[in-house]
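Visitor: work09.csv is reproduced below (CSV, N, CA and C atoms).
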chain,number,residue,atom,x,y,z
D,295,MET,N,1.9,4.9,25.8
D,295,MET,CA,1.4,6.0,25.1
D,295,MET,C,0.7,5.6,23.8
D,296,PRO,N,-0.5,6.0,23.5
D,296,PRO,CA,-1.2,5.6,22.3
D,296,PRO,C,-0.5,6.1,21.0
D,297,PRO,N,-0.6,5.5,19.9
D,297,PRO,CA,0.1,6.0,18.7
D,297,PRO,C,-0.5,7.3,18.3
D,298,LYS,N,0.2,8.1,17.6
D,298,LYS,CA,-0.2,9.4,17.2
D,298,LYS,C,-1.3,9.3,16.1
D,299,GLN,N,-2.3,10.1,16.2
D,299,GLN,CA,-3.4,10.1,15.2
D,299,GLN,C,-3.2,11.2,14.2
D,300,TYR,N,-3.3,10.9,13.0
D,300,TYR,CA,-3.1,11.9,11.9
D,300,TYR,C,-4.4,12.4,11.3
D,301,ALA,N,-4.5,13.6,11.2
D,301,ALA,CA,-5.8,14.2,10.7
D,301,ALA,C,-5.9,14.0,9.2
D,302,ASP,N,-4.8,14.0,8.4
D,302,ASP,CA,-4.9,13.9,7.0
D,302,ASP,C,-3.6,13.3,6.4
D,303,VAL,N,-3.6,13.1,5.1
D,303,VAL,CA,-2.5,12.5,4.4
D,303,VAL,C,-1.3,13.4,4.4
D,304,ASP,N,-1.5,14.7,4.2
D,304,ASP,CA,-0.4,15.6,4.2
D,304,ASP,C,0.3,15.7,5.5
D,305,THR,N,-0.5,15.7,6.6
D,305,THR,CA,0.2,15.7,7.9
D,305,THR,C,1.0,14.4,8.1
D,306,PHE,N,0.4,13.3,7.7
D,306,PHE,CA,1.2,12.0,7.9
D,306,PHE,C,2.5,12.1,7.1
D,307,LEU,N,2.4,12.5,5.8
D,307,LEU,CA,3.6,12.6,5.0
D,307,LEU,C,4.6,13.6,5.5
D,308,SER,N,4.2,14.7,6.1
D,308,SER,CA,5.1,15.7,6.6
D,308,SER,C,6.0,15.1,7.7
D,309,GLU,N,5.5,14.1,8.4
D,309,GLU,CA,6.3,13.5,9.5
D,309,GLU,C,7.1,12.3,9.1
D,310,ILE,N,7.0,11.9,7.8
D,310,ILE,CA,7.8,10.7,7.4
D,310,ILE,C,9.3,11.2,7.2
D,311,GLU,N,10.2,10.3,7.5
D,311,GLU,CA,11.6,10.6,7.3
D,311,GLU,C,11.8,11.1,5.9
D,312,PRO,N,12.5,12.3,5.8
D,312,PRO,CA,12.6,12.9,4.4
D,312,PRO,C,13.3,12.0,3.4
D,313,THR,N,14.1,11.1,3.7
D,313,THR,CA,14.7,10.2,2.7
D,313,THR,C,13.7,9.2,2.2
D,314,GLN,N,12.6,8.9,2.9
D,314,GLN,CA,11.6,8.0,2.5
D,314,GLN,C,10.4,8.7,1.8
D,315,ARG,N,10.3,10.0,2.0
D,315,ARG,CA,9.1,10.7,1.4
D,315,ARG,C,9.0,10.6,-0.1
D,316,PRO,N,10.1,10.7,-0.9
D,316,PRO,CA,10.0,10.6,-2.4
D,316,PRO,C,9.4,9.3,-2.9
D,317,ILE,N,9.9,8.2,-2.3
D,317,ILE,CA,9.3,6.9,-2.7
D,317,ILE,C,7.9,6.7,-2.3
D,318,LEU,N,7.5,7.2,-1.1
D,318,LEU,CA,6.1,7.1,-0.7
D,318,LEU,C,5.2,7.9,-1.6
D,319,GLU,N,5.7,9.1,-2.0
D,319,GLU,CA,4.9,10.0,-2.9
D,319,GLU,C,4.8,9.3,-4.3
D,320,ALA,N,5.9,8.7,-4.7
D,320,ALA,CA,5.8,8.1,-6.1
D,320,ALA,C,4.8,6.9,-6.1
D,321,ILE,N,4.9,6.1,-5.1
D,321,ILE,CA,3.9,5.0,-5.0
D,321,ILE,C,2.5,5.5,-4.8
D,322,ARG,N,2.3,6.5,-4.0
D,322,ARG,CA,1.0,7.1,-3.7
D,322,ARG,C,0.4,7.6,-5.0
D,323,GLN,N,1.2,8.4,-5.8
D,323,GLN,CA,0.6,8.9,-7.0
D,323,GLN,C,0.3,7.9,-8.0
D,324,SER,N,1.1,6.8,-8.1
D,324,SER,CA,0.9,5.8,-9.1
D,324,SER,C,-0.4,5.0,-8.7
D,325,ILE,N,-0.6,4.7,-7.5
D,325,ILE,CA,-1.9,4.0,-7.0
D,325,ILE,C,-3.1,4.9,-7.4
D,326,LEU,N,-3.0,6.2,-7.0
D,326,LEU,CA,-4.1,7.1,-7.3
D,326,LEU,C,-4.4,7.2,-8.8
D,327,GLU,N,-3.4,7.1,-9.6
D,327,GLU,CA,-3.6,7.2,-11.1
D,327,GLU,C,-4.3,6.0,-11.7
D,328,VAL,N,-4.3,4.9,-11.0
D,328,VAL,CA,-4.9,3.6,-11.5
D,328,VAL,C,-6.3,3.8,-11.9
D,329,SER,N,-7.1,4.5,-11.0
D,329,SER,CA,-8.5,4.7,-11.2
D,329,SER,C,-9.0,6.0,-10.5
D,330,PRO,N,-9.9,6.7,-11.1
D,330,PRO,CA,-10.5,7.9,-10.5
D,330,PRO,C,-11.3,7.5,-9.3
D,331,HIS,N,-11.6,6.2,-9.1
D,331,HIS,CA,-12.4,5.7,-8.0
D,331,HIS,C,-11.6,5.5,-6.7
D,332,ILE,N,-10.3,5.5,-6.9
D,332,ILE,CA,-9.4,5.3,-5.7
D,332,ILE,C,-9.2,6.6,-4.9
D,333,ALA,N,-9.5,6.5,-3.6
D,333,ALA,CA,-9.3,7.6,-2.7
D,333,ALA,C,-8.2,7.2,-1.7
D,334,GLU,N,-7.7,8.2,-1.0
D,334,GLU,CA,-6.7,7.9,0.1
D,334,GLU,C,-7.2,8.5,1.4
D,335,GLY,N,-6.6,8.0,2.4
D,335,GLY,CA,-6.9,8.5,3.8
D,335,GLY,C,-5.9,7.9,4.8
D,336,ILE,N,-6.1,8.2,6.0
D,336,ILE,CA,-5.3,7.6,7.1
D,336,ILE,C,-6.2,6.5,7.7
D,337,LYS,N,-5.8,5.3,7.6
D,337,LYS,CA,-6.5,4.2,8.3
D,337,LYS,C,-5.4,3.3,8.9
D,338,TRP,N,-5.6,2.8,10.1
D,338,TRP,CA,-4.7,2.1,10.9
D,338,TRP,C,-3.4,2.9,11.1
D,339,ASN,N,-3.5,4.2,11.2
D,339,ASN,CA,-2.4,5.1,11.4
D,339,ASN,C,-1.4,5.1,10.3
D,340,CYS,N,-1.8,4.7,9.1
D,340,CYS,CA,-1.0,4.6,7.9
D,340,CYS,C,-1.7,5.2,6.7
D,341,LEU,N,-0.9,5.6,5.7
D,341,LEU,CA,-1.5,6.0,4.4
D,341,LEU,C,-2.2,4.8,3.8
D,342,SER,N,-3.4,4.9,3.5
D,342,SER,CA,-4.2,3.8,3.0
D,342,SER,C,-5.1,4.2,1.8
D,343,PHE,N,-5.5,3.3,1.0
D,343,PHE,CA,-6.3,3.5,-0.2
D,343,PHE,C,-7.5,2.7,-0.2
D,344,ARG,N,-8.6,3.2,-0.8
D,344,ARG,CA,-9.9,2.6,-0.9
D,344,ARG,C,-10.6,2.9,-2.2
D,345,THR,N,-11.5,2.0,-2.5
D,345,THR,CA,-12.6,2.3,-3.5
D,345,THR,C,-13.8,2.2,-2.7
D,346,HIS,N,-14.6,1.2,-2.8
D,346,HIS,CA,-15.8,1.0,-1.9
D,346,HIS,C,-15.3,0.4,-0.6
D,347,GLU,N,-14.1,-0.1,-0.5
D,347,GLU,CA,-13.6,-0.8,0.6
D,347,GLU,C,-12.1,-0.5,0.7
D,348,TRP,N,-11.5,-0.4,1.9
D,348,TRP,CA,-10.0,-0.3,2.0
D,348,TRP,C,-9.3,-1.4,1.4
D,349,PHE,N,-8.3,-1.2,0.5
D,349,PHE,CA,-7.6,-2.3,-0.1
D,349,PHE,C,-6.1,-2.2,0.0
D,350,GLY,N,-5.5,-1.1,0.4
D,350,GLY,CA,-4.1,-1.0,0.5
D,350,GLY,C,-3.6,-0.1,1.6
D,351,THR,N,-2.5,-0.5,2.2
D,351,THR,CA,-1.9,0.3,3.3
D,351,THR,C,-0.4,0.4,3.0
D,352,LEU,N,0.1,1.6,3.1
D,352,LEU,CA,1.5,1.9,2.8
D,352,LEU,C,2.2,2.5,4.0
D,353,ASN,N,3.4,1.9,4.3
D,353,ASN,CA,4.1,2.4,5.4
D,353,ASN,C,5.6,2.1,5.3
D,354,VAL,N,6.4,2.7,6.1
D,354,VAL,CA,7.8,2.5,6.1
D,354,VAL,C,8.1,1.5,7.2
D,355,ARG,N,8.8,0.4,6.9
D,355,ARG,CA,9.1,-0.7,7.8
D,355,ARG,C,10.6,-1.0,7.6
D,356,PRO,N,11.3,-1.4,8.7
D,356,PRO,CA,12.7,-1.9,8.5
D,356,PRO,C,12.8,-3.2,7.7
D,357,HIS,N,13.8,-3.3,6.9
D,357,HIS,CA,14.1,-4.5,6.1
D,357,HIS,C,15.6,-4.6,6.0
D,358,ARG,N,16.1,-5.7,6.7
D,358,ARG,CA,17.6,-5.9,6.7
D,358,ARG,C,18.3,-4.7,7.2
D,359,GLY,N,17.8,-4.1,8.3
D,359,GLY,CA,18.5,-3.0,9.0
D,359,GLY,C,18.3,-1.6,8.3
D,360,LYS,N,17.6,-1.6,7.2
D,360,LYS,CA,17.3,-0.3,6.5
D,360,LYS,C,15.9,-0.1,6.4
D,361,PRO,N,15.4,1.2,6.3
D,361,PRO,CA,14.0,1.4,6.1
D,361,PRO,C,13.6,1.0,4.6
D,362,ALA,N,12.4,0.5,4.5
D,362,ALA,CA,11.9,0.1,3.2
D,362,ALA,C,10.4,0.4,3.3
D,363,VAL,N,9.8,0.6,2.1
D,363,VAL,CA,8.4,0.9,2.0
D,363,VAL,C,7.6,-0.4,1.8
D,364,LEU,N,6.6,-0.7,2.6
D,364,LEU,CA,5.8,-1.9,2.5
D,364,LEU,C,4.4,-1.5,2.1
D,365,LEU,N,3.9,-2.1,1.0
D,365,LEU,CA,2.5,-2.0,0.6
D,365,LEU,C,1.8,-3.3,1.0
D,366,ILE,N,0.8,-3.2,1.8
D,366,ILE,CA,0.0,-4.4,2.1
D,366,ILE,C,-1.3,-4.2,1.3
D,367,LEU,N,-1.6,-5.2,0.5
D,367,LEU,CA,-2.9,-5.2,-0.2
D,367,LEU,C,-3.8,-6.2,0.5
D,368,HIS,N,-5.0,-5.8,0.7
D,368,HIS,CA,-5.9,-6.6,1.5
D,368,HIS,C,-7.3,-6.5,1.0
D,369,ALA,N,-8.2,-7.3,1.5
D,369,ALA,CA,-9.6,-7.3,1.0
D,369,ALA,C,-10.5,-6.6,2.0
D,370,GLY,N,-10.1,-5.4,2.4
D,370,GLY,CA,-11.0,-4.6,3.3
D,370,GLY,C,-10.6,-4.6,4.8
D,371,ALA,N,-11.3,-3.8,5.5
D,371,ALA,CA,-11.0,-3.6,6.9
D,371,ALA,C,-11.6,-4.7,7.8
D,372,LYS,N,-12.6,-5.5,7.3
D,372,LYS,CA,-13.2,-6.5,8.1
D,372,LYS,C,-12.6,-7.9,7.8
D,373,VAL,N,-12.5,-8.7,8.8
D,373,VAL,CA,-12.1,-10.1,8.6
D,373,VAL,C,-13.1,-10.8,7.8
D,374,ARG,N,-12.6,-11.5,6.8
D,374,ARG,CA,-13.6,-12.3,5.9
D,374,ARG,C,-13.7,-13.7,6.5
D,375,PRO,N,-14.9,-14.3,6.3
D,375,PRO,CA,-15.0,-15.7,6.7
D,375,PRO,C,-14.0,-16.6,6.0
D,376,ALA,N,-13.7,-17.7,6.7
D,376,ALA,CA,-12.7,-18.7,6.2
D,376,ALA,C,-13.1,-19.2,4.8
D,377,GLU,N,-14.4,-19.3,4.6
D,377,GLU,CA,-14.9,-19.9,3.4
D,377,GLU,C,-14.9,-18.9,2.2
D,378,ALA,N,-14.6,-17.6,2.5
D,378,ALA,CA,-14.6,-16.6,1.4
D,378,ALA,C,-13.6,-17.0,0.4
D,379,ALA,N,-13.9,-16.7,-0.8
D,379,ALA,CA,-12.9,-17.0,-1.9
D,379,ALA,C,-11.6,-16.2,-1.8
D,380,ALA,N,-10.5,-16.9,-2.2
D,380,ALA,CA,-9.2,-16.2,-2.2
D,380,ALA,C,-9.2,-15.2,-3.4
D,381,ILE,N,-8.4,-14.2,-3.2
D,381,ILE,CA,-8.3,-13.2,-4.3
D,381,ILE,C,-7.3,-13.8,-5.3
D,382,ALA,N,-7.7,-13.8,-6.6
D,382,ALA,CA,-6.9,-14.3,-7.7
D,382,ALA,C,-6.4,-13.1,-8.5
D,383,VAL,N,-5.1,-12.9,-8.4
D,383,VAL,CA,-4.4,-11.8,-9.0
D,383,VAL,C,-3.2,-12.3,-9.8
D,384,PRO,N,-3.2,-12.1,-11.1
D,384,PRO,CA,-2.0,-12.5,-11.9
D,384,PRO,C,-0.8,-11.7,-11.4
D,385,ASP,N,0.3,-12.4,-11.2
D,385,ASP,CA,1.5,-11.7,-10.7
D,385,ASP,C,2.7,-12.3,-11.5
D,386,PRO,N,2.8,-12.0,-12.8
D,386,PRO,CA,3.9,-12.6,-13.6
D,386,PRO,C,5.3,-12.1,-13.2
D,387,ALA,N,5.3,-10.9,-12.6
D,387,ALA,CA,6.6,-10.4,-12.1
D,387,ALA,C,7.0,-10.9,-10.7
D,388,GLY,N,6.1,-11.6,-10.1
D,388,GLY,CA,6.4,-12.2,-8.8
D,388,GLY,C,6.6,-11.1,-7.7
D,389,LEU,N,5.8,-10.1,-7.7
D,389,LEU,CA,5.9,-9.0,-6.7
D,389,LEU,C,5.3,-9.4,-5.4
D,390,LEU,N,4.2,-10.1,-5.4
D,390,LEU,CA,3.4,-10.4,-4.3
D,390,LEU,C,3.9,-11.4,-3.4
D,391,GLU,N,4.0,-11.1,-2.1
D,391,GLU,CA,4.3,-12.1,-1.0
D,391,GLU,C,3.0,-12.3,-0.3
D,392,TRP,N,2.4,-13.5,-0.6
D,392,TRP,CA,1.1,-13.8,0.0
D,392,TRP,C,1.1,-14.0,1.5
D,393,LEU,N,0.3,-13.3,2.2
D,393,LEU,CA,0.3,-13.4,3.7
D,393,LEU,C,-1.0,-14.1,4.2
D,394,GLY,N,-1.8,-14.4,3.2
D,394,GLY,CA,-3.1,-15.1,3.5
D,394,GLY,C,-3.9,-15.2,2.2
D,395,ARG,N,-5.1,-15.7,2.3
D,395,ARG,CA,-5.9,-15.9,1.1
D,395,ARG,C,-6.4,-14.6,0.5
D,396,ASP,N,-6.4,-13.5,1.3
D,396,ASP,CA,-6.9,-12.2,0.9
D,396,ASP,C,-6.0,-11.1,1.2
D,397,ARG,N,-4.7,-11.4,1.4
D,397,ARG,CA,-3.7,-10.4,1.8
D,397,ARG,C,-2.4,-10.7,1.3
D,398,ALA,N,-1.7,-9.7,0.7
D,398,ALA,CA,-0.4,-9.8,0.2
D,398,ALA,C,0.4,-8.6,0.4
D,399,SER,N,1.8,-8.7,0.3
D,399,SER,CA,2.6,-7.5,0.5
D,399,SER,C,3.6,-7.4,-0.7
D,400,VAL,N,4.0,-6.1,-0.9
D,400,VAL,CA,5.0,-5.8,-1.8
D,400,VAL,C,6.0,-4.9,-1.1
D,401,ARG,N,7.3,-5.2,-1.2
D,401,ARG,CA,8.3,-4.4,-0.5
D,401,ARG,C,9.1,-3.6,-1.5
D,402,PHE,N,9.4,-2.4,-1.2
D,402,PHE,CA,10.3,-1.5,-2.1
D,402,PHE,C,11.4,-1.0,-1.2
D,403,VAL,N,12.7,-1.4,-1.6
D,403,VAL,CA,13.8,-1.1,-0.7
D,403,VAL,C,14.4,0.3,-1.0
D,404,ASP,N,14.2,0.8,-2.3
D,404,ASP,CA,14.7,2.1,-2.6
D,404,ASP,C,14.0,2.5,-3.9
D,405,MET,N,14.3,3.7,-4.4
D,405,MET,CA,13.7,4.3,-5.6
D,405,MET,C,13.9,3.5,-6.8
D,406,ASP,N,15.1,2.9,-6.9
D,406,ASP,CA,15.4,2.1,-8.1
D,406,ASP,C,14.6,0.8,-8.1
D,407,ASP,N,14.4,0.2,-6.9
D,407,ASP,CA,13.5,-0.9,-6.8
D,407,ASP,C,12.1,-0.6,-7.2
D,408,TRP,N,11.6,0.6,-6.7
D,408,TRP,CA,10.3,1.0,-7.0
D,408,TRP,C,10.1,1.2,-8.6
D,409,THR,N,11.1,1.9,-9.2
D,409,THR,CA,11.1,2.1,-10.6
D,409,THR,C,11.0,0.8,-11.4
D,410,GLY,N,11.7,-0.2,-11.0
D,410,GLY,CA,11.7,-1.5,-11.6
D,410,GLY,C,10.4,-2.2,-11.5
D,411,LYS,N,9.7,-2.0,-10.4
D,411,LYS,CA,8.4,-2.7,-10.1
D,411,LYS,C,7.2,-1.9,-10.4
D,412,ARG,N,7.3,-0.7,-10.8
D,412,ARG,CA,6.2,0.2,-11.0
D,412,ARG,C,5.1,-0.3,-11.9
D,413,SER,N,5.5,-0.7,-13.1
D,413,SER,CA,4.6,-1.1,-14.2
D,413,SER,C,3.8,-2.4,-13.7
D,414,ALA,N,4.6,-3.3,-13.1
D,414,ALA,CA,3.9,-4.6,-12.7
D,414,ALA,C,3.0,-4.3,-11.5
D,415,LEU,N,3.3,-3.4,-10.6
D,415,LEU,CA,2.4,-3.1,-9.5
D,415,LEU,C,1.2,-2.4,-10.0
D,416,ILE,N,1.3,-1.5,-11.0
D,416,ILE,CA,0.1,-0.9,-11.5
D,416,ILE,C,-0.9,-1.9,-12.0
D,417,GLU,N,-0.4,-2.9,-12.7
D,417,GLU,CA,-1.3,-4.0,-13.2
D,417,GLU,C,-1.9,-4.8,-12.1
D,418,VAL,N,-1.1,-5.1,-11.1
D,418,VAL,CA,-1.6,-5.8,-9.9
D,418,VAL,C,-2.7,-5.0,-9.2
D,419,ILE,N,-2.5,-3.7,-9.1
D,419,ILE,CA,-3.5,-2.8,-8.4
D,419,ILE,C,-4.8,-2.8,-9.3
D,420,ARG,N,-4.7,-2.7,-10.6
D,420,ARG,CA,-5.9,-2.7,-11.4
D,420,ARG,C,-6.7,-3.9,-11.2
D,421,VAL,N,-6.1,-5.1,-11.1
D,421,VAL,CA,-6.9,-6.3,-10.9
D,421,VAL,C,-7.4,-6.4,-9.5
D,422,TRP,N,-6.5,-6.0,-8.5
D,422,TRP,CA,-6.9,-6.1,-7.1
D,422,TRP,C,-8.2,-5.2,-6.8
D,423,VAL,N,-8.2,-4.0,-7.3
D,423,VAL,CA,-9.4,-3.2,-7.0
D,423,VAL,C,-10.7,-3.7,-7.7
D,424,SER,N,-10.5,-4.4,-8.8
D,424,SER,CA,-11.7,-5.0,-9.5
D,424,SER,C,-12.1,-6.3,-8.9
D,425,ALA,N,-11.3,-6.9,-8.0
D,425,ALA,CA,-11.6,-8.2,-7.5
D,425,ALA,C,-12.6,-8.1,-6.3
Reformat the file's structure so that it appears as structure tokens.
Guide:
Amino acid sequence: MPPKQYADVDTFLSEIEPTQRPILEAIRQSILEVSPHIAEGIKWNCLSFRTHEWFGTLNVRPHRGKPAVLLILHAGAKVRPAEAAAIAVPDPAGLLEWLGRDRASVRFVDMDDWTGKRSALIEVIRVWVSA
């Protein structure tokens, strides 16, 4: 059976496990507040963010047997050539787990974890969308 297609962000969020919805909403609002040029939508069947190009995808994934929120930061929907420059983002808090030259993830295990990482993530997002 093909994955469910979501018409909009509100429909997607309405079907998220209620215990995970507050953290998703908090992360969502913080990302949108970084810049008036950031928009949201459903891409790859997930809550995603874009400016001129898709740059972030947010979803709930299991982590050590419990649900966690995973934010994947990437350099758009298209595969970049191997010779393309790597994204350079200062990460003094050590939030980013690099998955490739142009892709990283940040995991949030609960609301306290999100609260502790919020300020650092906002700075990472500011640089990421300008890169």
Visitor: Near D:Ala320, counting only C-alpha atoms, which residues have an atom at most 12 Å away, once you skip same-chain residues fewer than 3 positions from it, shown as a ChimeraX atom specification?
Guide: /D:314-317,323-327,352,363,402,404-409,411-412,416
Visitor: Based on the selection just made, write N, CA and C atoms of those residues as a compact mmCIF listing (two decimals), in the frame of the given file.
Guide:
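Saved as result.txt:
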# COMPACT_ATOMS: atom_id res chain seq x y z
N GLN D 314 12.60 8.90 2.90
CA GLN D 314 11.60 8.00 2.50
C GLN D 314 10.40 8.70 1.80
N ARG D 315 10.30 10.00 2.00
CA ARG D 315 9.10 10.70 1.40
C ARG D 315 9.00 10.60 -0.10
N PRO D 316 10.10 10.70 -0.90
CA PRO D 316 10.00 10.60 -2.40
C PRO D 316 9.40 9.30 -2.90
N ILE D 317 9.90 8.20 -2.30
CA ILE D 317 9.30 6.90 -2.70
C ILE D 317 7.90 6.70 -2.30
N GLN D 323 1.20 8.40 -5.80
CA GLN D 323 0.60 8.90 -7.00
C GLN D 323 0.30 7.90 -8.00
N SER D 324 1.10 6.80 -8.10
CA SER D 324 0.90 5.80 -9.10
C SER D 324 -0.40 5.00 -8.70
N ILE D 325 -0.60 4.70 -7.50
CA ILE D 325 -1.90 4.00 -7.00
C ILE D 325 -3.10 4.90 -7.40
N LEU D 326 -3.00 6.20 -7.00
CA LEU D 326 -4.10 7.10 -7.30
C LEU D 326 -4.40 7.20 -8.80
N GLU D 327 -3.40 7.10 -9.60
CA GLU D 327 -3.60 7.20 -11.10
C GLU D 327 -4.30 6.00 -11.70
N LEU D 352 0.10 1.60 3.10
CA LEU D 352 1.50 1.90 2.80
C LEU D 352 2.20 2.50 4.00
N VAL D 363 9.80 0.60 2.10
CA VAL D 363 8.40 0.90 2.00
C VAL D 363 7.60 -0.40 1.80
N PHE D 402 9.40 -2.40 -1.20
CA PHE D 402 10.30 -1.50 -2.10
C PHE D 402 11.40 -1.00 -1.20
N ASP D 404 14.20 0.80 -2.30
CA ASP D 404 14.70 2.10 -2.60
C ASP D 404 14.00 2.50 -3.90
N MET D 405 14.30 3.70 -4.40
CA MET D 405 13.70 4.30 -5.60
C MET D 405 13.90 3.50 -6.80
N ASP D 406 15.10 2.90 -6.90
CA ASP D 406 15.40 2.10 -8.10
C ASP D 406 14.60 0.80 -8.10
N ASP D 407 14.40 0.20 -6.90
CA ASP D 407 13.50 -0.90 -6.80
C ASP D 407 12.10 -0.60 -7.20
N TRP D 408 11.60 0.60 -6.70
CA TRP D 408 10.30 1.00 -7.00
C TRP D 408 10.10 1.20 -8.60
N THR D 409 11.10 1.90 -9.20
CA THR D 409 11.10 2.10 -10.60
C THR D 409 11.00 0.80 -11.40
N LYS D 411 9.70 -2.00 -10.40
CA LYS D 411 8.40 -2.70 -10.10
C LYS D 411 7.20 -1.90 -10.40
N ARG D 412 7.30 -0.70 -10.80
CA ARG D 412 6.20 0.20 -11.00
C ARG D 412 5.10 -0.30 -11.90
N ILE D 416 1.30 -1.50 -11.00
CA ILE D 416 0.10 -0.90 -11.50
C ILE D 416 -0.90 -1.90 -12.00
Visitor: Please, which residues of chain D, numbered as in this document, come out alpha helix (DSSP H) from DSSP, as a ChimeraX atom specification?
Guide: /D:303-308,315-328,405-424
Visitor: Of the candidates D:Leu341, D:Leu415, D:Val403, D:Leu364, which shows the shortest atom-to-atom distance to D:Leu307, using all atoms listed in the file?
Guide: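 Once distances to D:Leu307 are computed over all atoms listed in the file, the minimum belongs to D:Leu341.
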Visitor: So which residues of chain D fall under strand (DSSP E or B) by DSSP, listed as a ChimeraX atom specification?
Guide: /D:333-337,340-344,348-357,360-368,391-394,397-402
Visitor: I'd like the neighbourhood of D:Glu417 as a ChimeraX atom specification, where a residue qualifies if any of its atoms comes within 12 Å (using only C-alpha atoms), though same-chain residues fewer than 4 positions away should be ignored.
Guide: /D:324-325,327-329,383-387,389-390,411-413,421-424
Visitor: To one decimal place, how far is atom CA of D:Ile381 from atom CA of D:Ala333 in Å?
Guide: 20.9 Å
Visitor: Which distance in Å separates atom CA of D:Ser342 and atom CA of D:Arg395, to one decimal?
Guide: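 Between atom CA of D:Ser342 and atom CA of D:Arg395 the gap is 19.9 Å.
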Visitor: Please, what distance in Å, to one decimal, runs between atom CA of D:Phe306 and atom N of D:Lys337?
Guide: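 Interatomic distance here is 9.7 Å.
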Visitor: Under the rule that only N, CA and C atoms are counted, which of D:Glu347, D:Gly410, D:Arg401, D:Thr313 is the nearest residue to D:Leu365?
Guide: D:Arg401
